[in-house]
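Okay, protein.csv now, which holds CSV, C-alpha atoms:
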```csv
chain,number,residue,atom,x,y,z
R,3,MET,CA,19.6,18.8,-6.7
R,4,GLY,CA,19.7,15.0,-6.9
R,5,LYS,CA,20.9,12.7,-4.1
R,6,LYS,CA,23.6,10.1,-4.7
R,7,LEU,CA,22.8,6.4,-4.1
R,8,THR,CA,26.1,5.3,-5.6
R,9,ASP,CA,28.7,6.8,-8.0
R,10,LYS,CA,26.5,5.8,-10.9
R,11,VAL,CA,23.0,6.3,-9.5
R,12,THR,CA,21.3,9.5,-8.5
R,13,TRP,CA,17.9,10.0,-6.9
R,14,VAL,CA,16.1,12.7,-9.0
R,15,GLY,CA,12.6,12.4,-7.6
R,16,LYS,CA,10.3,14.7,-5.7
R,17,ILE,CA,9.5,14.7,-1.9
R,18,ASP,CA,5.8,15.7,-1.5
R,19,TRP,CA,5.5,17.0,2.0
R,20,GLU,CA,2.0,18.3,1.5
R,21,LEU,CA,0.4,15.1,0.3
R,22,LYS,CA,-2.3,14.0,2.8
R,23,ARG,CA,-4.5,11.9,0.5
R,24,PHE,CA,-3.6,9.5,-2.2
R,25,HIS,CA,-5.7,7.7,-4.9
R,26,GLY,CA,-8.2,10.5,-4.5
R,27,ASP,CA,-9.4,10.1,-0.9
R,28,GLU,CA,-8.8,6.3,-0.7
R,29,LEU,CA,-5.5,6.4,1.2
R,30,SER,CA,-4.3,8.7,4.0
R,31,THR,CA,-0.7,9.9,3.7
R,32,ASP,CA,-0.4,11.9,6.9
R,33,VAL,CA,3.4,12.0,6.6
R,34,GLY,CA,3.5,12.8,2.9
R,35,SER,CA,5.3,10.7,0.3
R,36,SER,CA,7.9,10.8,-2.4
R,37,TYR,CA,7.9,10.0,-6.1
R,38,ASN,CA,11.3,8.3,-6.6
R,39,ALA,CA,13.0,8.6,-10.0
R,40,TYR,CA,16.6,7.4,-10.5
R,41,LEU,CA,19.2,8.5,-13.0
R,42,ILE,CA,21.9,6.0,-14.0
R,43,LYS,CA,25.0,7.3,-15.6
R,44,ASP,CA,27.3,4.7,-17.2
R,45,GLU,CA,28.6,4.6,-20.8
R,46,LYS,CA,24.9,5.0,-21.5
R,47,THR,CA,22.4,6.9,-19.4
R,48,ALA,CA,19.0,5.6,-18.3
R,49,LEU,CA,16.3,7.4,-16.3
R,50,ILE,CA,14.0,5.1,-14.3
R,51,ASP,CA,10.5,6.5,-13.9
R,52,THR,CA,9.4,10.2,-13.5
R,53,VAL,CA,7.1,11.9,-10.9
R,54,TRP,CA,3.5,13.0,-10.5
R,55,GLY,CA,2.1,15.4,-13.1
R,56,PRO,CA,1.7,18.5,-10.8
R,57,TYR,CA,5.5,18.5,-10.4
R,58,ASP,CA,6.3,17.9,-14.1
R,59,ARG,CA,8.0,21.2,-14.9
R,60,GLU,CA,9.9,21.2,-11.6
R,61,PHE,CA,11.1,17.6,-12.3
R,62,VAL,CA,12.4,18.4,-15.8
R,63,ALA,CA,14.1,21.6,-14.6
R,64,ARG,CA,15.8,19.8,-11.8
R,65,LEU,CA,16.8,16.9,-14.1
R,66,LYS,CA,18.5,19.5,-16.4
R,67,GLU,CA,20.7,20.4,-13.4
R,68,GLU,CA,21.9,16.8,-13.3
R,69,ILE,CA,22.3,16.1,-17.0
R,70,ASP,CA,21.8,17.6,-20.5
R,71,LEU,CA,18.5,15.9,-21.4
R,72,LYS,CA,20.0,15.0,-24.9
R,73,ASP,CA,22.4,12.7,-23.1
R,74,ILE,CA,19.6,10.5,-21.8
R,75,ASP,CA,19.7,7.3,-23.9
R,76,TYR,CA,16.8,5.4,-22.4
R,77,VAL,CA,13.7,6.0,-20.3
R,78,ILE,CA,12.6,3.0,-18.2
R,79,MET,CA,9.0,3.2,-17.1
R,80,GLN,CA,8.4,0.4,-14.6
R,81,HIS,CA,4.8,1.3,-13.9
R,82,ASN,CA,2.6,4.0,-15.5
R,83,GLU,CA,0.1,5.1,-12.9
R,84,SER,CA,0.0,8.9,-12.9
R,85,ASP,CA,2.2,9.3,-9.8
R,86,HIS,CA,5.0,7.5,-11.8
R,87,SER,CA,4.4,8.7,-15.3
R,88,GLY,CA,2.8,12.2,-14.8
R,89,ALA,CA,6.0,14.1,-15.8
R,90,LEU,CA,6.7,11.9,-18.8
R,91,LEU,CA,4.7,14.2,-21.2
R,92,GLU,CA,6.8,17.2,-20.2
R,93,LEU,CA,10.0,15.3,-20.5
R,94,MET,CA,9.3,13.8,-23.9
R,95,ARG,CA,8.6,17.2,-25.3
R,96,GLU,CA,12.3,17.7,-24.9
R,97,ILE,CA,13.5,14.3,-26.0
R,98,PRO,CA,10.7,12.9,-28.2
R,99,ASN,CA,12.8,10.2,-29.9
R,100,VAL,CA,14.4,8.6,-26.8
R,101,PRO,CA,13.2,5.0,-26.4
R,102,ILE,CA,10.8,4.2,-23.6
R,103,TYR,CA,11.3,0.7,-22.1
R,104,CYS,CA,8.2,-0.8,-20.6
R,105,THR,CA,6.1,-3.9,-20.6
R,106,LYS,CA,3.6,-4.4,-23.4
R,107,LYS,CA,0.7,-3.6,-21.0
R,108,GLY,CA,2.7,-0.5,-19.9
R,109,GLU,CA,2.7,0.7,-23.5
R,110,GLY,CA,-1.0,0.3,-23.6
R,111,ILE,CA,-1.5,2.3,-20.4
R,112,LEU,CA,0.9,5.1,-21.6
R,113,ARG,CA,-1.0,5.4,-24.9
R,114,GLY,CA,-4.3,5.4,-23.1
R,115,LEU,CA,-3.2,8.2,-20.7
R,116,TYR,CA,-1.1,10.4,-23.0
R,117,HIS,CA,-2.2,9.5,-26.5
R,118,GLN,CA,1.4,9.8,-27.8
R,119,ASP,CA,3.2,7.6,-30.4
R,120,TRP,CA,6.5,7.5,-28.6
R,121,ASN,CA,9.3,5.1,-29.4
R,122,TYR,CA,8.2,2.2,-27.2
R,123,VAL,CA,10.3,-0.8,-26.6
R,124,ASN,CA,8.5,-3.7,-24.9
R,125,VAL,CA,10.4,-5.9,-22.5
R,126,LYS,CA,9.6,-9.0,-20.5
R,127,THR,CA,11.3,-11.0,-17.7
R,128,GLY,CA,14.9,-11.7,-18.5
R,129,ASP,CA,15.4,-9.1,-21.1
R,130,THR,CA,18.5,-6.9,-20.5
R,131,LEU,CA,19.8,-3.5,-21.4
R,132,GLU,CA,23.6,-2.9,-21.5
R,133,LEU,CA,24.7,0.4,-20.2
R,134,GLY,CA,28.4,-0.2,-20.1
R,135,GLU,CA,29.8,-1.6,-16.9
R,136,SER,CA,26.3,-2.1,-15.7
R,137,THR,CA,23.5,-4.3,-17.1
R,138,LEU,CA,19.8,-3.7,-16.4
R,139,THR,CA,17.7,-6.9,-16.2
R,140,PHE,CA,13.9,-6.5,-16.3
R,141,VAL,CA,11.5,-8.6,-14.2
R,142,GLU,CA,7.8,-8.4,-14.9
R,143,ALA,CA,5.7,-8.0,-11.7
R,144,SER,CA,2.2,-8.0,-13.1
R,145,MET,CA,-0.5,-7.0,-10.5
R,146,LEU,CA,2.0,-5.6,-8.0
R,147,HIS,CA,-0.2,-3.6,-8.1
R,148,TRP,CA,-1.1,-2.8,-11.8
R,149,PRO,CA,-0.9,-5.1,-14.8
R,150,ASP,CA,2.0,-3.2,-16.3
R,151,THR,CA,4.4,-3.3,-13.3
R,152,MET,CA,8.0,-4.5,-13.6
R,153,PHE,CA,11.1,-4.4,-11.5
R,154,THR,CA,14.6,-3.5,-12.8
R,155,TYR,CA,17.8,-5.0,-11.5
R,156,MET,CA,21.1,-3.2,-12.0
R,157,SER,CA,24.3,-5.3,-11.9
R,158,GLY,CA,27.5,-4.0,-10.5
R,159,ASP,CA,25.8,-1.7,-8.0
R,160,ASN,CA,23.4,-4.6,-7.3
R,161,ILE,CA,20.3,-2.4,-6.9
R,162,LEU,CA,16.8,-3.7,-7.3
R,163,PHE,CA,14.5,-0.9,-8.4
R,164,SER,CA,11.4,-2.4,-7.0
R,165,ASN,CA,8.7,0.1,-8.0
R,166,ASP,CA,5.7,-0.1,-5.7
R,167,GLY,CA,7.2,-3.2,-3.9
R,168,PHE,CA,8.8,-2.5,-0.5
R,169,GLY,CA,7.7,1.1,-0.6
R,170,GLN,CA,6.1,3.5,1.9
R,171,HIS,CA,4.2,6.8,1.7
R,172,TYR,CA,6.8,8.5,3.7
R,173,ALA,CA,8.3,12.0,3.1
R,174,SER,CA,11.8,12.4,4.5
R,175,GLU,CA,15.0,14.3,3.7
R,176,MET,CA,16.8,11.0,4.6
R,177,LEU,CA,17.3,9.0,1.4
R,178,PHE,CA,17.8,5.7,3.2
R,179,ALA,CA,16.0,3.6,5.8
R,180,ASP,CA,18.3,3.6,8.8
R,181,VAL,CA,18.1,3.1,12.6
R,182,ASP,CA,16.8,6.6,13.4
R,183,ASN,CA,13.7,6.4,11.2
R,184,MET,CA,13.2,2.7,11.1
R,185,PRO,CA,10.1,2.4,13.4
R,186,LYS,CA,8.1,4.9,11.3
R,187,VAL,CA,9.4,3.5,8.0
R,188,LEU,CA,8.2,0.0,9.0
R,189,SER,CA,4.8,1.3,10.2
R,190,GLU,CA,4.3,3.1,6.9
R,191,ALA,CA,5.6,0.1,4.9
R,192,GLU,CA,2.9,-2.1,6.6
R,193,LYS,CA,0.2,0.5,6.0
R,194,TYR,CA,1.3,0.6,2.3
R,195,TYR,CA,1.2,-3.2,2.0
R,196,CYS,CA,-2.1,-3.5,3.6
R,197,ASN,CA,-3.9,-0.8,1.7
R,198,ILE,CA,-2.3,-1.3,-1.7
R,199,LEU,CA,-0.7,-4.7,-2.2
R,200,ASN,CA,-2.8,-7.0,0.1
R,201,PRO,CA,-5.4,-7.8,-2.6
R,202,PHE,CA,-2.6,-9.1,-4.8
R,203,SER,CA,-0.8,-11.2,-2.1
R,204,VAL,CA,-0.9,-14.3,-4.2
R,205,PHE,CA,1.2,-12.5,-6.9
R,206,VAL,CA,3.5,-11.1,-4.2
R,207,LYS,CA,4.3,-14.6,-2.9
R,208,LYS,CA,5.1,-15.9,-6.4
R,209,LYS,CA,7.2,-12.9,-7.3
R,210,LEU,CA,9.2,-13.1,-4.0
R,211,ALA,CA,9.9,-16.7,-4.7
R,212,GLU,CA,10.9,-15.9,-8.3
R,213,ILE,CA,13.3,-13.1,-7.2
R,214,LYS,CA,14.9,-15.2,-4.4
R,215,GLY,CA,15.3,-18.0,-7.0
R,216,MET,CA,17.4,-15.7,-9.2
R,217,ASN,CA,20.0,-15.4,-6.4
R,218,LEU,CA,20.6,-11.7,-7.1
R,219,PRO,CA,23.1,-10.0,-4.8
R,220,LEU,CA,21.3,-7.1,-3.3
R,221,ASN,CA,23.2,-4.0,-2.0
R,222,MET,CA,20.0,-1.8,-2.2
R,223,VAL,CA,16.3,-2.1,-2.8
R,224,ALA,CA,15.1,1.2,-4.2
R,225,PRO,CA,11.3,1.6,-4.3
R,226,SER,CA,9.2,4.2,-6.0
R,227,HIS,CA,7.9,5.8,-2.8
R,228,GLY,CA,9.6,6.4,0.5
R,229,VAL,CA,13.2,5.6,1.5
R,230,VAL,CA,15.7,3.1,0.1
R,231,TRP,CA,16.7,-0.1,1.9
R,232,ARG,CA,20.5,-0.4,2.0
R,233,ARG,CA,21.7,-2.3,5.1
R,234,PRO,CA,21.8,-6.1,4.5
R,235,GLU,CA,19.8,-6.8,7.7
R,236,ASP,CA,17.1,-4.3,6.7
R,237,ILE,CA,16.9,-5.7,3.2
R,238,ASP,CA,16.5,-9.2,4.6
R,239,MET,CA,13.9,-7.9,7.1
R,240,ILE,CA,11.6,-6.2,4.6
R,241,ILE,CA,11.7,-9.2,2.3
R,242,GLU,CA,10.8,-11.5,5.3
R,243,LEU,CA,8.0,-9.1,6.3
R,244,TYR,CA,6.6,-9.2,2.8
R,245,GLU,CA,6.7,-13.0,2.9
R,246,LYS,CA,4.7,-12.9,6.2
R,247,TRP,CA,2.3,-10.2,5.0
R,248,ALA,CA,1.6,-12.1,1.8
R,249,ASP,CA,0.7,-15.3,3.6
R,250,ASN,CA,-2.7,-14.6,5.1
R,251,TYR,CA,-1.2,-12.5,7.8
R,252,GLN,CA,-2.6,-12.2,11.2
R,253,GLU,CA,-1.6,-11.6,14.8
R,254,ASP,CA,-3.3,-12.6,18.1
R,255,GLN,CA,-5.6,-9.6,17.8
R,256,VAL,CA,-9.3,-8.9,17.6
R,257,THR,CA,-10.5,-5.6,16.2
R,258,ILE,CA,-13.9,-4.2,17.1
R,259,ILE,CA,-15.1,-1.6,14.5
R,260,TYR,CA,-18.2,0.4,15.3
R,261,ASP,CA,-20.2,3.5,14.6
R,262,THR,CA,-22.7,4.9,17.1
R,263,MET,CA,-25.5,7.4,17.1
R,264,TRP,CA,-26.5,7.8,20.8
R,265,GLN,CA,-23.7,5.7,22.4
R,266,SER,CA,-25.6,2.4,22.6
R,267,THR,CA,-23.5,0.7,20.0
R,268,ARG,CA,-20.3,2.1,21.5
R,269,HIS,CA,-21.4,0.7,24.9
R,270,MET,CA,-21.8,-2.7,23.2
R,271,ALA,CA,-18.4,-2.5,21.6
R,272,GLN,CA,-16.8,-1.8,25.0
R,273,ALA,CA,-18.7,-4.7,26.5
R,274,LEU,CA,-17.6,-7.0,23.8
R,275,ALA,CA,-14.0,-6.0,24.5
R,276,VAL,CA,-14.4,-6.9,28.1
R,277,GLY,CA,-15.8,-10.3,27.2
R,278,ILE,CA,-13.0,-11.1,24.8
R,279,GLU,CA,-10.4,-10.1,27.4
R,280,ARG,CA,-12.1,-12.2,30.1
R,281,LYS,CA,-11.8,-15.3,27.9
R,282,CYS,CA,-8.4,-14.5,26.3
R,283,PRO,CA,-6.4,-12.1,28.4
R,284,GLY,CA,-3.4,-12.3,26.2
R,285,THR,CA,-5.2,-11.3,23.0
R,286,THR,CA,-4.9,-7.7,21.8
R,287,VAL,CA,-8.3,-6.1,21.5
R,288,ARG,CA,-8.5,-2.8,19.5
R,289,LEU,CA,-11.6,-0.6,19.4
R,290,MET,CA,-11.9,1.6,16.3
R,291,ASN,CA,-14.7,4.2,15.7
R,292,ALA,CA,-15.4,4.1,12.0
R,293,SER,CA,-16.6,7.7,11.9
R,294,LYS,CA,-13.7,9.1,13.9
R,295,ASP,CA,-10.6,7.0,13.3
R,296,ASP,CA,-8.6,7.1,10.1
R,297,LYS,CA,-10.1,4.5,7.7
R,298,ASN,CA,-6.7,3.3,6.5
R,299,ASP,CA,-5.5,2.9,10.1
R,300,ILE,CA,-8.6,0.8,10.7
R,301,LEU,CA,-7.8,-1.4,7.7
R,302,VAL,CA,-4.3,-2.0,9.1
R,303,GLU,CA,-5.8,-3.2,12.3
R,304,VAL,CA,-8.1,-5.6,10.3
R,305,PHE,CA,-5.0,-6.7,8.4
R,306,LYS,CA,-3.3,-7.6,11.7
R,307,SER,CA,-6.4,-9.3,13.2
R,308,LYS,CA,-7.4,-12.9,13.3
R,309,ALA,CA,-11.0,-11.8,13.7
R,310,ILE,CA,-13.1,-8.7,13.7
R,311,LEU,CA,-16.5,-7.5,15.1
R,312,VAL,CA,-18.4,-4.8,13.2
R,313,GLY,CA,-21.3,-2.9,14.7
R,314,SER,CA,-23.7,-0.2,13.8
R,315,PRO,CA,-27.1,1.2,14.9
R,316,THR,CA,-29.9,0.6,12.5
R,317,ILE,CA,-30.5,3.7,10.5
R,318,ASN,CA,-33.1,4.0,7.8
R,319,ASN,CA,-33.4,0.2,7.7
R,320,GLY,CA,-29.7,-0.2,7.2
R,321,TYR,CA,-26.3,0.6,8.7
R,322,SER,CA,-24.4,3.9,9.0
R,323,TYR,CA,-22.6,5.7,6.3
R,324,ALA,CA,-19.2,5.2,8.0
R,325,ILE,CA,-19.7,1.5,8.5
R,326,ALA,CA,-20.9,1.1,4.9
R,327,GLY,CA,-17.7,2.7,3.7
R,328,ILE,CA,-15.3,0.7,5.8
R,329,LEU,CA,-17.1,-2.5,4.9
R,330,GLU,CA,-16.7,-1.8,1.2
R,331,MET,CA,-13.0,-1.1,1.7
R,332,ILE,CA,-12.5,-4.3,3.7
R,333,LYS,CA,-14.1,-6.2,0.9
R,334,GLY,CA,-11.9,-4.7,-1.7
R,335,LEU,CA,-8.7,-5.6,0.2
R,336,LYS,CA,-9.6,-9.3,0.0
R,337,PHE,CA,-8.5,-10.4,3.4
R,338,LYS,CA,-8.1,-14.2,3.9
R,339,ASN,CA,-8.4,-16.6,6.8
R,340,LYS,CA,-10.2,-14.3,9.2
R,341,LYS,CA,-13.4,-14.7,11.2
R,342,ALA,CA,-16.1,-12.1,12.0
R,343,ALA,CA,-19.4,-11.3,13.6
R,344,ALA,CA,-21.8,-8.4,13.7
R,345,PHE,CA,-23.5,-6.4,16.4
R,346,GLY,CA,-25.6,-3.4,16.8
R,347,SER,CA,-28.4,-1.5,18.6
R,348,TYR,CA,-31.8,-0.5,17.2
R,349,GLY,CA,-35.0,1.1,18.0
R,350,TRP,CA,-37.8,-0.6,16.1
R,351,SER,CA,-36.6,-2.4,13.0
R,352,GLY,CA,-33.1,-3.7,13.6
R,353,GLU,CA,-31.9,-4.8,10.1
R,354,ALA,CA,-28.3,-3.6,10.5
R,355,THR,CA,-26.7,-6.6,12.2
R,356,LYS,CA,-28.0,-9.1,9.7
R,357,MET,CA,-27.0,-6.9,6.8
R,358,ILE,CA,-23.4,-6.4,8.2
R,359,SER,CA,-23.2,-10.2,8.6
R,360,ALA,CA,-24.1,-10.7,5.0
R,361,HIS,CA,-21.5,-8.1,3.8
R,362,LEU,CA,-18.8,-9.7,6.0
R,363,GLU,CA,-19.6,-13.1,4.6
R,364,ASP,CA,-19.5,-11.7,1.0
R,365,ALA,CA,-16.1,-10.2,1.8
R,366,GLY,CA,-14.7,-13.7,2.6
R,367,PHE,CA,-14.9,-13.7,6.4
R,368,ALA,CA,-16.0,-16.8,8.2
R,369,LEU,CA,-18.9,-15.9,10.4
R,370,VAL,CA,-18.7,-17.1,14.0
R,371,ASN,CA,-22.4,-16.7,14.6
R,372,GLU,CA,-25.4,-14.7,13.6
R,373,GLY,CA,-24.3,-11.7,15.7
R,374,ILE,CA,-26.0,-9.9,18.5
R,375,ARG,CA,-28.3,-6.9,18.7
R,376,VAL,CA,-29.8,-4.9,21.6
R,377,GLN,CA,-33.0,-2.8,21.4
R,378,TRP,CA,-32.6,0.8,22.7
R,379,ALA,CA,-29.9,1.4,25.3
R,380,PRO,CA,-28.4,-1.8,26.9
R,381,ASP,CA,-29.2,-2.1,30.6
R,382,ASP,CA,-27.1,-4.1,33.0
R,383,GLU,CA,-28.6,-7.5,31.9
R,384,ALA,CA,-28.1,-6.7,28.2
R,385,THR,CA,-24.6,-5.5,28.8
R,386,GLU,CA,-23.7,-8.7,30.6
R,387,ASN,CA,-25.2,-10.7,27.7
R,388,VAL,CA,-23.0,-8.7,25.3
R,389,ARG,CA,-20.0,-9.5,27.4
R,390,ALA,CA,-20.9,-13.2,27.4
R,391,PHE,CA,-21.2,-12.9,23.6
R,392,GLY,CA,-17.7,-11.6,23.5
R,393,GLU,CA,-16.5,-14.6,25.5
R,394,GLU,CA,-18.2,-17.0,23.2
R,395,PHE,CA,-16.7,-15.2,20.2
R,396,ALA,CA,-13.2,-15.5,21.7
R,397,GLU,CA,-13.7,-19.1,22.5
R,398,ALA,CA,-14.8,-19.8,18.9
R,399,LEU,CA,-11.4,-18.5,17.7
```
Re-express the file's structure as structure tokens.
Amino acid sequence: MGKKLTDKVTWVGKIDWELKRFHGDELSTDVGSSYNAYLIKDEKTALIDTVWGPYDREFVARLKEEIDLKDIDYVIMQHNESDHSGALLELMREIPNVPIYCTKKGEGILRGLYHQDWNYVNVKTGDTLELGESTLTFVEASMLHWPDTMFTYMSGDNILFSNDGFGQHYASEMLFADVDNMPKVLSEAEKYYCNILNPFSVFVKKKLAEIKGMNLPLNMVAPSHGVVWRRPEDIDMIIELYEKWADNYQEDQVTIIYDTMWQSTRHMAQALAVGIERKCPGTTVRLMNASKDDKNDILVEVFKSKAILVGSPTINNGYSYAIAGILEMIKGLKFKNKKAAAFGSYGWSGEATKMISAHLEDAGFALVNEGIRVQWAPDDEATENVRAFGEEFAEAL
């Protein structure tokens, strides 16, 4: 059965407890997620979004428990990635003539995915749809995080249906973000922002300013994944966090990311941490093993850091598979205003450190120096040199 947000609005989505990977294997979702769809019953009835395709029949069957499908007047598709639109094909088999409100780019994506000539109605920022006592106002939010994205504001109940904005991959029977679950919700919201929205921070900043400029009263912010924000202080908090996260976010933290074959590079990583802590005892230093730690957790630590060090042994004239993967993901997330350096151990060729430096520079990091490398296992002298390098790196920050 659905869950009531207000007298007019019912959550009719799907909680996916079993989801552990999202976007293929790109994003870990260890606590699951939800696909939030919302049914608005006024003089007219509107459905906002659907759920992921594997749950299409379940979604339609449960929707029938809430309403005769023939009483749905409008379908609002805010974003048409498969986790939002996957059940649309099954739904439209039952109500093929109901208009689908979406952006023009949204129509193009729906046609490309499902190859159906449905009754599309294109909308843009400022367009409205009267439901009776309530009015829906559409706000385009292109590149948050797809070109087709839009938000929908419902007057009266004062709900912003924010699509992928302000969301979390977080499965919970609790519909709302409240005191009891707040620490985990905030942690998952940060992970979500870092791994999905960070490349589009410039668009996030502009959209936040635009929405604040509209002076909309907000009783709830209802995203497409996770729980709904409803307490005024929590709504203010998540908006303020988004403003911070979108503004080249960093804390007083340095993250050391490494992979190791026979422990030499790990030894260097630990020595670097000692050197940084000597010079800057108040700075948080995180060590992350790229072959053992969750890659998305590593990316969150990069997101929070003012600088990173990345290290690998030289393997086949290059760096390790795990470091190659995390470097590529770091590049894709387009972090700004962060510094970096490379390090590594080697036996006879030693190319990895220079190659990592080049990749970091290509990813937009400001290189502090050319990096440091140690041949074979570091002895006491080499270890102290690495510690000194850590001090120099910290001083350069």
Residues near R:Ser359, cut-off 9 Å, all atoms listed in the file, skip fewer than 2 positions along chain, as a PDB file with C-alpha atoms, keeping the file's coordinate frame:
```pdb
ATOM      1  CA  VAL R 312     -18.400  -4.800  13.200  1.00  0.00           C
ATOM      2  CA  ALA R 342     -16.100 -12.100  12.000  1.00  0.00           C
ATOM      3  CA  ALA R 343     -19.400 -11.300  13.600  1.00  0.00           C
ATOM      4  CA  ALA R 344     -21.800  -8.400  13.700  1.00  0.00           C
ATOM      5  CA  PHE R 345     -23.500  -6.400  16.400  1.00  0.00           C
ATOM      6  CA  ALA R 354     -28.300  -3.600  10.500  1.00  0.00           C
ATOM      7  CA  THR R 355     -26.700  -6.600  12.200  1.00  0.00           C
ATOM      8  CA  LYS R 356     -28.000  -9.100   9.700  1.00  0.00           C
ATOM      9  CA  MET R 357     -27.000  -6.900   6.800  1.00  0.00           C
ATOM     10  CA  HIS R 361     -21.500  -8.100   3.800  1.00  0.00           C
ATOM     11  CA  LEU R 362     -18.800  -9.700   6.000  1.00  0.00           C
ATOM     12  CA  GLU R 363     -19.600 -13.100   4.600  1.00  0.00           C
ATOM     13  CA  ASP R 364     -19.500 -11.700   1.000  1.00  0.00           C
ATOM     14  CA  LEU R 369     -18.900 -15.900  10.400  1.00  0.00           C
ATOM     15  CA  ASN R 371     -22.400 -16.700  14.600  1.00  0.00           C
ATOM     16  CA  GLU R 372     -25.400 -14.700  13.600  1.00  0.00           C
ATOM     17  CA  GLY R 373     -24.300 -11.700  15.700  1.00  0.00           C
TER      18      GLY R 373
END
```
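The neighbours of stretch 94-96 of chain R here are the residues that come within 9 Å of it, using all atoms listed in the file and leaving out any residue fewer than 6 positions away in the same chain; they are Leu71, Lys72 and Trp120 of chain R.
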Selected residue, from R:Cys196, R:Leu41, R:Met79, R:Ala179, that lies nearest to R:Glu142 when counting only C-alpha atoms: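 Among the listed residues, R:Met79 lies closest to R:Glu142.
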Just the number, please: distance in Å from atom CA of R:Asn200 to atom CA of R:Asn250, one decimal.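 These two atoms are separated by 9.1 Å.
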If we count all atoms listed in the file, what is near stretch 45-53 of chain R at a cut-off of 9 Å, once residues fewer than 4 positions away on the same chain are taken out, given as a compact mmCIF listing (two decimals) with C-alpha atoms, keeping the file's coordinate frame?
```txt
# COMPACT_ATOMS: atom_id res chain seq x y z
CA VAL R 14 16.10 12.70 -9.00
CA GLY R 15 12.60 12.40 -7.60
CA LYS R 16 10.30 14.70 -5.70
CA SER R 36 7.90 10.80 -2.40
CA TYR R 37 7.90 10.00 -6.10
CA ASN R 38 11.30 8.30 -6.60
CA ALA R 39 13.00 8.60 -10.00
CA TYR R 40 16.60 7.40 -10.50
CA LEU R 41 19.20 8.50 -13.00
CA TYR R 57 5.50 18.50 -10.40
CA ASP R 58 6.30 17.90 -14.10
CA PHE R 61 11.10 17.60 -12.30
CA ASP R 73 22.40 12.70 -23.10
CA ILE R 74 19.60 10.50 -21.80
CA ASP R 75 19.70 7.30 -23.90
CA TYR R 76 16.80 5.40 -22.40
CA VAL R 77 13.70 6.00 -20.30
CA ILE R 78 12.60 3.00 -18.20
CA MET R 79 9.00 3.20 -17.10
CA GLN R 80 8.40 0.40 -14.60
CA HIS R 81 4.80 1.30 -13.90
CA ASN R 82 2.60 4.00 -15.50
CA SER R 84 0.00 8.90 -12.90
CA ASP R 85 2.20 9.30 -9.80
CA HIS R 86 5.00 7.50 -11.80
CA SER R 87 4.40 8.70 -15.30
CA GLY R 88 2.80 12.20 -14.80
CA ALA R 89 6.00 14.10 -15.80
CA LEU R 90 6.70 11.90 -18.80
CA LEU R 93 10.00 15.30 -20.50
CA GLU R 132 23.60 -2.90 -21.50
CA LEU R 133 24.70 0.40 -20.20
CA GLY R 134 28.40 -0.20 -20.10
CA GLU R 135 29.80 -1.60 -16.90
CA SER R 136 26.30 -2.10 -15.70
CA THR R 154 14.60 -3.50 -12.80
CA PHE R 163 14.50 -0.90 -8.40
CA ASN R 165 8.70 0.10 -8.00
CA SER R 226 9.20 4.20 -6.00
```
Just how far from atom CA of R:Lys193 is atom CA of R:Asn298, in Å to one decimal? 7.5 Å
Using only C-alpha atoms, pick whichever of R:Gly349, R:Asp382, R:Glu83, R:Glu190 has the shortest atom-to-atom distance to R:Ile111.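 Closest to R:Ile111 of all the choices is R:Glu83.
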Work out how far atom CA of R:Asn319 is from atom CA of R:Ala273, in Å to one decimal. 24.4 Å
Could you pull the residues within 9 Å of R:Pro234, counting all atoms listed in the file, minus those fewer than 4 positions along the same chain, as a PDB file with C-alpha atoms, keeping the file's coordinate frame?
```
ATOM      1  CA  LEU R 220      21.300  -7.100  -3.300  1.00  0.00           C
ATOM      2  CA  ASN R 221      23.200  -4.000  -2.000  1.00  0.00           C
ATOM      3  CA  MET R 222      20.000  -1.800  -2.200  1.00  0.00           C
ATOM      4  CA  ASP R 238      16.500  -9.200   4.600  1.00  0.00           C
ATOM      5  CA  MET R 239      13.900  -7.900   7.100  1.00  0.00           C
TER       6      MET R 239
END
```
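With only C-alpha atoms taken into account, the protein and nucleic acid residues at most 8 Å from stretch 258-267 of chain R (excluding it and anything under 6 positions from it in its own chain) are R:Ala275, R:Val287, R:Arg288, R:Leu289, R:Met290, R:Asn291, R:Ala292, R:Ser293, R:Ile300, R:Ile310, R:Leu311, R:Val312, R:Gly313, R:Ser314, R:Pro315, R:Ser322, R:Ala324, R:Ile325, R:Phe345, R:Gly346, R:Ser347, R:Trp378, R:Ala379, R:Pro380.
Of the residues under consideration (R:Tyr155, R:Tyr172, R:Trp350, R:Trp247), R:Tyr172 shows the shortest atom-to-atom contact distance to R:Asp32 when counting only C-alpha atoms.
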Measuring atom to atom with all atoms listed in the file, identify which of R:Gln118, R:Phe367, R:Phe205, R:Leu218 is nearest to R:Lys336.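 Using all atoms listed in the file, R:Lys336 sits closest to R:Phe367.
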